[in-house]
Amino acid sequence: MRHCTTMFLVLCLVGCGPAPVPTKLCPAPERLALPGLKNSYRLGEKLFSGATPEGAEAFAALAELGVTTVISVDSQTPNIELAARHGLAYIHLPVEYSGIANERAGQVIAAYTSATGGVYLHCHHGKHRGPAACAILLRATEPGWTAAAARAWMETAGTDPAYRGLYDSMAKAGPHLKITENPSDIPPTDVQPLPLATRMVEVDELWTRLQQLEGQRWVDRIEAVSITALLREQYLEAARLNHAAYSPTLLAEFPKSAGRVTLLRAALEAGDAARSAEALVQIKADCRNCHETHRNFVLRQPR
């Protein structure tokens with residue numbers, strides 16, 4: 001009897017103890033339908049994600065939402081003047097599809113936390129780099145944004161799983177990320193896109209690794225698919241260059257190469273060795289022809 005009474009008292013004391021503090025849940029992403037803002041979402045009271053704003057109506061819609069700062073992680077120079085006409089500040093912090101470095105992540109977080117109003121963070125299509133950057137800054141600033149929640153968000157936005165570097169950057173993010181405290185450490189808004197020569201160096205490195213995997217009979221098909229995704233985006237970024245130094249015929253070559261790489265990826269995913277080999281032959285031919293027409297021709301000219 002005494003034993004039962006003691007157990008009853010223990011159970012009562014346990015039941016009267018402090019209740020566990022519930023973990024704050026992150027809000028579910030809310031899909032928005034706004035003019036000139038493709039693939040746009042609300043991720044909280046302050047943060048919005050999407051594609052590059054298109055036209056004055058897009059910036060007007062952002063201002064109506066209470067957005068005061070637009071952060072671009074795309075490589076193209078943003079339309080700063082049009083944004084300013086609607087009272088919006090623009091910060092340009094371009095990132096690559098291969099991943100987001102801690103230093104750049106810290107700059108994105110600082111730009112977000114220092115904004116006085118809402119923030120619209122975008123990449124080109126609003127599917128890959130932008131959502132990854134949003135996931136990283138939310139993991140660093142909001143306790144409810146676990147790695148699982150951030151991954152679910154990126155999948156909702158359409159982030160390609162082949163961009164393993166973006167997912168890895170998100171998984172490693174958290175409150176430990178160093179936030180850039182000095183505003184002067186944030187690059188100016190007129191950051192220029194990477195020059196074509198730099199992009200071609202990236203293409204060459206990816207291409208070299210792809211050929212190594214081909215020589216190994218695609219022993220690591222997952223890596224090969226990831227490389228094709230990165231290679232395709234390098235070609236598409238090069239195609240978006242709009243500079244007097246680059247001829248239209250040269251820029252027109254890059255979407256064709258991107259299409260070839262898309263076919264290679266599909267063949268690799270299907271495990272079709274014959275189609276993979278055929279796609280590689282076509283890509284190599286495109287590279288040779290482009291180099292002969294544009295790069296080698298220029299190199300042969302008298303100086």
# chains A, B, ... in the order shown; residues from 1 in each chain; ligands from 1
>>> residues_around(residues="Thr262 of chain A", least_positions_apart="4", cutoff="10 Å", atoms="only C-alpha atoms", output="PyMOL selection string")
chain A and resi 225+228-229+231-232+256-258+266-268+279
>>> write_last_selection(atoms="N, CA and C atoms", output="PDB file, in the first residue's frame")
ATOM      1  N   VAL A 225      25.552  12.789 -63.870  1.00  0.00           N
ATOM      2  CA  VAL A 225      24.309  13.546 -64.043  1.00  0.00           C
ATOM      3  C   VAL A 225      24.439  14.930 -63.417  1.00  0.00           C
ATOM      4  N   THR A 228      26.465  17.127 -65.727  1.00  0.00           N
ATOM      5  CA  THR A 228      25.710  17.576 -66.898  1.00  0.00           C
ATOM      6  C   THR A 228      24.771  18.731 -66.529  1.00  0.00           C
ATOM      7  N   ALA A 229      24.205  18.681 -65.331  1.00  0.00           N
ATOM      8  CA  ALA A 229      23.329  19.775 -64.898  1.00  0.00           C
ATOM      9  C   ALA A 229      24.117  21.073 -64.771  1.00  0.00           C
ATOM     10  N   LEU A 231      27.004  21.756 -66.242  1.00  0.00           N
ATOM     11  CA  LEU A 231      27.508  22.126 -67.562  1.00  0.00           C
ATOM     12  C   LEU A 231      26.424  22.831 -68.370  1.00  0.00           C
ATOM     13  N   ARG A 232      25.209  22.314 -68.292  1.00  0.00           N
ATOM     14  CA  ARG A 232      24.094  22.949 -69.017  1.00  0.00           C
ATOM     15  C   ARG A 232      23.896  24.382 -68.566  1.00  0.00           C
ATOM     16  N   LYS A 256      22.377  25.727 -78.070  1.00  0.00           N
ATOM     17  CA  LYS A 256      22.457  24.447 -78.779  1.00  0.00           C
ATOM     18  C   LYS A 256      23.269  23.438 -77.967  1.00  0.00           C
ATOM     19  N   SER A 257      24.387  23.903 -77.421  1.00  0.00           N
ATOM     20  CA  SER A 257      25.205  23.012 -76.596  1.00  0.00           C
ATOM     21  C   SER A 257      24.446  22.586 -75.343  1.00  0.00           C
ATOM     22  N   ALA A 258      23.688  23.519 -74.756  1.00  0.00           N
ATOM     23  CA  ALA A 258      22.891  23.193 -73.572  1.00  0.00           C
ATOM     24  C   ALA A 258      21.873  22.106 -73.891  1.00  0.00           C
ATOM     25  N   ALA A 266      19.683  12.882 -70.045  1.00  0.00           N
ATOM     26  CA  ALA A 266      18.560  11.943 -70.143  1.00  0.00           C
ATOM     27  C   ALA A 266      19.061  10.529 -70.444  1.00  0.00           C
ATOM     28  N   ALA A 267      20.073  10.434 -71.295  1.00  0.00           N
ATOM     29  CA  ALA A 267      20.622   9.122 -71.627  1.00  0.00           C
ATOM     30  C   ALA A 267      21.315   8.497 -70.424  1.00  0.00           C
ATOM     31  N   LEU A 268      22.042   9.298 -69.663  1.00  0.00           N
ATOM     32  CA  LEU A 268      22.716   8.792 -68.471  1.00  0.00           C
ATOM     33  C   LEU A 268      21.703   8.319 -67.428  1.00  0.00           C
ATOM     34  N   ALA A 279      25.435  11.280 -77.755  1.00  0.00           N
ATOM     35  CA  ALA A 279      25.321  12.662 -77.284  1.00  0.00           C
ATOM     36  C   ALA A 279      26.698  13.276 -77.054  1.00  0.00           C
TER      37      ALA A 279
END
>>> select_by_dssp(residues="segment 37-280 of chain A", states="strand (DSSP E)", output="PyMOL selection string")
chain A and resi 41-42+47-50+67-72+89-92+118-122
>>> write_last_selection(atoms="C-alpha atoms", output="PDB file, in the first residue's frame")
ATOM      1  CA  TYR A  41       6.526  32.269 -52.899  1.00  0.00           C
ATOM      2  CA  ARG A  42       6.054  33.834 -49.502  1.00  0.00           C
ATOM      3  CA  LEU A  47      10.953  36.857 -47.061  1.00  0.00           C
ATOM      4  CA  PHE A  48       9.785  36.195 -50.606  1.00  0.00           C
ATOM      5  CA  SER A  49      11.392  33.999 -53.264  1.00  0.00           C
ATOM      6  CA  GLY A  50      11.026  33.864 -57.027  1.00  0.00           C
ATOM      7  CA  VAL A  67       9.164  44.649 -50.043  1.00  0.00           C
ATOM      8  CA  THR A  68      11.891  47.277 -49.674  1.00  0.00           C
ATOM      9  CA  THR A  69      14.934  45.249 -50.720  1.00  0.00           C
ATOM     10  CA  VAL A  70      15.530  42.942 -53.662  1.00  0.00           C
ATOM     11  CA  ILE A  71      18.470  40.528 -53.467  1.00  0.00           C
ATOM     12  CA  SER A  72      19.656  38.905 -56.686  1.00  0.00           C
ATOM     13  CA  ALA A  89      16.909  48.851 -53.097  1.00  0.00           C
ATOM     14  CA  TYR A  90      18.770  46.224 -55.127  1.00  0.00           C
ATOM     15  CA  ILE A  91      21.676  44.117 -53.830  1.00  0.00           C
ATOM     16  CA  HIS A  92      23.517  41.862 -56.243  1.00  0.00           C
ATOM     17  CA  GLY A 118      10.271  42.807 -46.866  1.00  0.00           C
ATOM     18  CA  VAL A 119      12.935  41.071 -48.948  1.00  0.00           C
ATOM     19  CA  TYR A 120      12.489  39.459 -52.363  1.00  0.00           C
ATOM     20  CA  LEU A 121      15.357  37.066 -53.099  1.00  0.00           C
ATOM     21  CA  HIS A 122      15.636  35.779 -56.630  1.00  0.00           C
TER      22      HIS A 122
END
>>> residues_around(residues="segment 100-104 of chain A", least_positions_apart="3", cutoff="7 Å", atoms="only C-alpha atoms", output="list in words")
Val95, Glu96, Gln107, Val108, Leu166, Ser169 and Leu177 of chain A
>>> write_last_selection(atoms="C-alpha atoms", output="JSON list (two decimals), in the first residue's frame")
[["chain", "number", "residue", "atom", "x", "y", "z"],
["A", 95, "VAL", "CA", 26.24, 32.59, -56.68],
["A", 96, "GLU", "CA", 27.01, 29.49, -58.72],
["A", 107, "GLN", "CA", 26.56, 38.48, -47.17],
["A", 108, "VAL", "CA", 23.10, 37.28, -48.18],
["A", 166, "LEU", "CA", 23.23, 23.66, -53.51],
["A", 169, "SER", "CA", 25.36, 24.12, -48.85],
["A", 177, "LEU", "CA", 27.43, 30.93, -40.35]]
>>> closest_residue(among="A:Ile227, A:Met200, A:Ala152, A:Leu43", to="Gln212 of chain A", atoms="only C-alpha atoms")
A:Ile227
>>> select_by_dssp(residues="segment 96-141 of chain A", states="alpha helix (DSSP H)", output="list in words")
Asn102, Glu103, Arg104, Ala105, Gly106, Gln107, Val108, Ile109, Ala110, Ala111, Tyr112, Thr113, Ser114, Arg129, Gly130, Pro131, Ala132, Ala133, Cys134, Ala135, Ile136, Leu137, Leu138, Arg139, Ala140 and Thr141 of chain A
>>> atom_distance(atom1="atom CA of Cys123 of chain A", atom2="atom CA of Thr146 of chain A")
22.6 Å
>>> atom_distance(atom1="atom CA of Gln76 of chain A", atom2="atom CA of Glu253 of chain A")
18.9 Å
